[in-house]
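Notes for the one structure printed next.
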Amino acid sequence: MDTTFVNIDKLSFGYKSKTPIFQNFSLSFPTGQIIGLLGKNGTGKSTLFYLISGLLRPKAGLITYKGTDTKKRLPQTLADICLVPEEFFLPNIKFKEFIRLNAAFYPHFSRELLQSCLSDFDLSEDIHLQELSMGQKKKAYMCFALATNTPLLLMDEPTNGLDIPSKSQFRKVIASCMSEDKSIIISTHQVRDIDRMLDHITIIDQSQILLDQPIERISEKLLFCEQGIKEPTDNALYIQPSTSGNSVIYSNTYKEESPINLELLFNAMLTERQKLTDIFTD
């Protein structure tokens, strides 16, 4: 049984007069999981979302969703994919009118799910979209996106503009909306907002895949520690100064359990890629 929704095969893409962002890039995303897509600014995360959703077309290569070429923008494919971009425009209408105009494009749209999300975010359908703050607009848009009930949901920097209580609500809402037949791919720099909710982590640097592993395997292979400044760090794979001393990654030789420090892992993959890659190829 195929466990992937999205398959990217030998993708090449670049904007005019600029260095190509992707060249001969291949990657697949599993189904039934919340996936964190991480990378530095300008490494192509947002562009990849636009390519997956069919808003951009590859210069070469192929992106398929359930075996269908996404650049064809077939109605059945578009009905299965919802994108929440980092920046978006909402019209000068009430939210319930926005819902009426757009829900019909998504055959699995769930009014029950919409009301649950609105309740979690303390919103209602009667709000006027142009009277909302940026954070409230983002929450309203995410409520609609989650209510589309699409098998594939792409979210680009979803926690930007949200206050601390709203970020907690966001995690609750995402967890309640997941099922085995859905995939949610979240691209963010705010890794601490999502690190406890991810099932899989993919780190890219344009055409390079620095890491593509399930959380379980990362926990199995790596040990994350906080140590005092004078404590020994022999055999450490990566060391980063912290307020209490050092944040350290070791090879998890004795199969100990430790919470994954996603920010530390990201920085380690950027600077000590070979050391960590070798761990996962054992």
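Here's how to read the names in the structure tokens: chain A, B, ... by the order shown, residue numbers from 1 in each chain, ligand numbers from 1 in the order shown.
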Pull the closest atom pair for each residue of stretch 106-197 of chain A that gets at most 12 Å from stretch 66-73 of chain A, along with the distance in Å to one decimal, counting only C-alpha atoms, ordering rows by chain and then ascending residue number, as a Markdown table.
| residue | atom | partner | partner_atom | distance |
| --- | --- | --- | --- | --- |
| A:Pro151 | CA | A:Lys66 | CA | 10.4 |
| A:Leu152 | CA | A:Lys66 | CA | 10.4 |
| A:Asp181 | CA | A:Lys66 | CA | 11.9 |
**OP:** Tell me which protein, DNA and RNA residues are within 10 Å of A:Cys177, counting only C-alpha atoms, leaving out same-chain ones fewer than 3 positions away, and put them as a PyMOL selection string.
**Re:** chain A and resi 113+116-117+146-147+149+172-174+182+184
Would you write out those residues with N, CA, C and O atoms, as a PDB file, in the first residue's frame?
ATOM      1  N   LEU A 113     -17.072  20.902  11.909  1.00  0.00           N
ATOM      2  CA  LEU A 113     -15.666  21.208  12.158  1.00  0.00           C
ATOM      3  C   LEU A 113     -15.439  22.713  12.195  1.00  0.00           C
ATOM      4  O   LEU A 113     -14.659  23.218  13.016  1.00  0.00           O
ATOM      5  N   SER A 116     -16.587  24.033  15.531  1.00  0.00           N
ATOM      6  CA  SER A 116     -15.645  23.633  16.574  1.00  0.00           C
ATOM      7  C   SER A 116     -14.403  24.516  16.560  1.00  0.00           C
ATOM      8  O   SER A 116     -13.933  24.968  17.619  1.00  0.00           O
ATOM      9  N   CYS A 117     -13.872  24.790  15.370  1.00  0.00           N
ATOM     10  CA  CYS A 117     -12.680  25.646  15.250  1.00  0.00           C
ATOM     11  C   CYS A 117     -12.977  27.074  15.671  1.00  0.00           C
ATOM     12  O   CYS A 117     -12.180  27.707  16.378  1.00  0.00           O
ATOM     13  N   LEU A 146      -9.322  24.555   7.833  1.00  0.00           N
ATOM     14  CA  LEU A 146      -9.501  23.280   8.536  1.00  0.00           C
ATOM     15  C   LEU A 146     -10.878  22.690   8.257  1.00  0.00           C
ATOM     16  O   LEU A 146     -11.027  21.475   8.129  1.00  0.00           O
ATOM     17  N   ALA A 147     -11.884  23.560   8.124  1.00  0.00           N
ATOM     18  CA  ALA A 147     -13.242  23.085   7.857  1.00  0.00           C
ATOM     19  C   ALA A 147     -13.398  22.531   6.443  1.00  0.00           C
ATOM     20  O   ALA A 147     -14.331  21.764   6.189  1.00  0.00           O
ATOM     21  N   ASN A 149     -11.745  20.331   5.317  1.00  0.00           N
ATOM     22  CA  ASN A 149     -11.618  18.890   5.560  1.00  0.00           C
ATOM     23  C   ASN A 149     -10.891  18.194   4.420  1.00  0.00           C
ATOM     24  O   ASN A 149     -11.184  17.031   4.092  1.00  0.00           O
ATOM     25  N   LYS A 172      -4.131  22.876  19.696  1.00  0.00           N
ATOM     26  CA  LYS A 172      -5.311  22.076  20.066  1.00  0.00           C
ATOM     27  C   LYS A 172      -6.187  21.813  18.852  1.00  0.00           C
ATOM     28  O   LYS A 172      -6.646  20.678  18.632  1.00  0.00           O
ATOM     29  N   VAL A 173      -6.418  22.843  18.052  1.00  0.00           N
ATOM     30  CA  VAL A 173      -7.285  22.717  16.882  1.00  0.00           C
ATOM     31  C   VAL A 173      -6.692  21.748  15.867  1.00  0.00           C
ATOM     32  O   VAL A 173      -7.387  20.886  15.318  1.00  0.00           O
ATOM     33  N   ILE A 174      -5.390  21.876  15.610  1.00  0.00           N
ATOM     34  CA  ILE A 174      -4.733  20.993  14.637  1.00  0.00           C
ATOM     35  C   ILE A 174      -4.823  19.539  15.093  1.00  0.00           C
ATOM     36  O   ILE A 174      -5.151  18.636  14.314  1.00  0.00           O
ATOM     37  N   LYS A 182      -5.448  12.006   6.467  1.00  0.00           N
ATOM     38  CA  LYS A 182      -5.059  13.394   6.220  1.00  0.00           C
ATOM     39  C   LYS A 182      -3.560  13.574   6.393  1.00  0.00           C
ATOM     40  O   LYS A 182      -2.910  12.849   7.148  1.00  0.00           O
ATOM     41  N   ILE A 184      -1.007  17.032   7.125  1.00  0.00           N
ATOM     42  CA  ILE A 184      -0.844  18.473   7.319  1.00  0.00           C
ATOM     43  C   ILE A 184       0.647  18.774   7.269  1.00  0.00           C
ATOM     44  O   ILE A 184       1.424  18.203   8.032  1.00  0.00           O
TER      45      ILE A 184
END
Subject >> Selection: 12 Å around A:Phe266, only C-alpha atoms, excl. self and same-chain fewer than 5 positions, as a PyMOL selection string >> reply: chain A and resi 36-40+188-192+195+201-205+210-212+238+240+249+260-261+271-273+276
Original post:
Using only C-alpha atoms, which of the listed residues (A:Asn246, A:Ser133, A:Ser53, A:Thr281) sits closest to A:Asp163?
Top reply: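 Using only C-alpha atoms, the shortest distance to A:Asp163 belongs to A:Ser133.
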Original post:
Residues at most 12 Å from A:Phe49, counting only C-alpha atoms, excluding those fewer than 3 positions away in the same chain, as a PyMOL selection string?
Top reply: chain A and resi 6+8+37+44-46+52-58+63+70+81-86+152-157+184-187
Original post:
If you run DSSP on this backbone, which residues of stretch 75-259 of chain A come out as strand (DSSP E), and could you give them as a PyMOL selection string?
Top reply: chain A and resi 81-84+152-156+183-187+200-205+208-214+222-227+238-242+245-251
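Those residues that approach stretch 12-18 of chain A to within 6 Å, counting only C-alpha atoms, are Asn24, Pro58, Lys59 and Ala60 of chain A; same-chain residues fewer than 6 positions away are not listed.
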Original post:
Using only C-alpha atoms, which residues sit within 9 Å of stretch 215-217 of chain A once same-chain residues fewer than 4 positions away are excluded, as a VMD selection string?
Top reply: chain A and resid 198 to 201 221 to 222 260 280
Keeping only N, CA, C and O atoms, write the selected residues as a PDB file, in the first residue's frame.
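What ended up in part-v9.pdb:
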ATOM      1  N   LEU A 198       4.451  17.398  15.991  1.00  0.00           N
ATOM      2  CA  LEU A 198       4.884  16.842  14.715  1.00  0.00           C
ATOM      3  C   LEU A 198       5.088  15.329  14.777  1.00  0.00           C
ATOM      4  O   LEU A 198       5.505  14.778  15.787  1.00  0.00           O
ATOM      5  N   ASP A 199       4.804  14.677  13.650  1.00  0.00           N
ATOM      6  CA  ASP A 199       5.080  13.253  13.485  1.00  0.00           C
ATOM      7  C   ASP A 199       6.314  13.012  12.627  1.00  0.00           C
ATOM      8  O   ASP A 199       6.914  11.938  12.685  1.00  0.00           O
ATOM      9  N   HIS A 200       6.679  13.994  11.833  1.00  0.00           N
ATOM     10  CA  HIS A 200       7.748  13.828  10.849  1.00  0.00           C
ATOM     11  C   HIS A 200       8.411  15.184  10.632  1.00  0.00           C
ATOM     12  O   HIS A 200       7.738  16.214  10.660  1.00  0.00           O
ATOM     13  N   ILE A 201       9.716  15.179  10.411  1.00  0.00           N
ATOM     14  CA  ILE A 201      10.455  16.426  10.198  1.00  0.00           C
ATOM     15  C   ILE A 201      11.245  16.337   8.897  1.00  0.00           C
ATOM     16  O   ILE A 201      11.986  15.371   8.676  1.00  0.00           O
ATOM     17  N   LYS A 221      17.655   7.819  17.548  1.00  0.00           N
ATOM     18  CA  LYS A 221      19.045   8.004  17.142  1.00  0.00           C
ATOM     19  C   LYS A 221      19.769   9.117  17.899  1.00  0.00           C
ATOM     20  O   LYS A 221      20.997   9.086  18.028  1.00  0.00           O
ATOM     21  N   LEU A 222      19.034  10.111  18.394  1.00  0.00           N
ATOM     22  CA  LEU A 222      19.674  11.278  18.996  1.00  0.00           C
ATOM     23  C   LEU A 222      19.199  11.506  20.423  1.00  0.00           C
ATOM     24  O   LEU A 222      18.028  11.291  20.750  1.00  0.00           O
ATOM     25  N   ILE A 260      12.704  16.161  21.927  1.00  0.00           N
ATOM     26  CA  ILE A 260      13.471  16.708  20.808  1.00  0.00           C
ATOM     27  C   ILE A 260      13.485  18.234  20.891  1.00  0.00           C
ATOM     28  O   ILE A 260      12.439  18.872  21.002  1.00  0.00           O
ATOM     29  N   PHE A 280      22.054   8.583  10.993  1.00  0.00           N
ATOM     30  CA  PHE A 280      20.819   8.021  10.436  1.00  0.00           C
ATOM     31  C   PHE A 280      21.078   6.983   9.351  1.00  0.00           C
ATOM     32  O   PHE A 280      20.149   6.294   8.930  1.00  0.00           O
TER      33      PHE A 280
END
Original post:
Pick the closest to A:Thr43 from A:Asn7, A:Arg171, A:Thr148, A:Ser207: which is it, counting only C-alpha atoms?
Top reply: A:Ser207
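With only C-alpha atoms as the atoms that count, the minimum distance from A:Pro30 to the choices A:Tyr65, A:Phe95, A:Tyr106, A:Tyr50 is reached by A:Tyr65.
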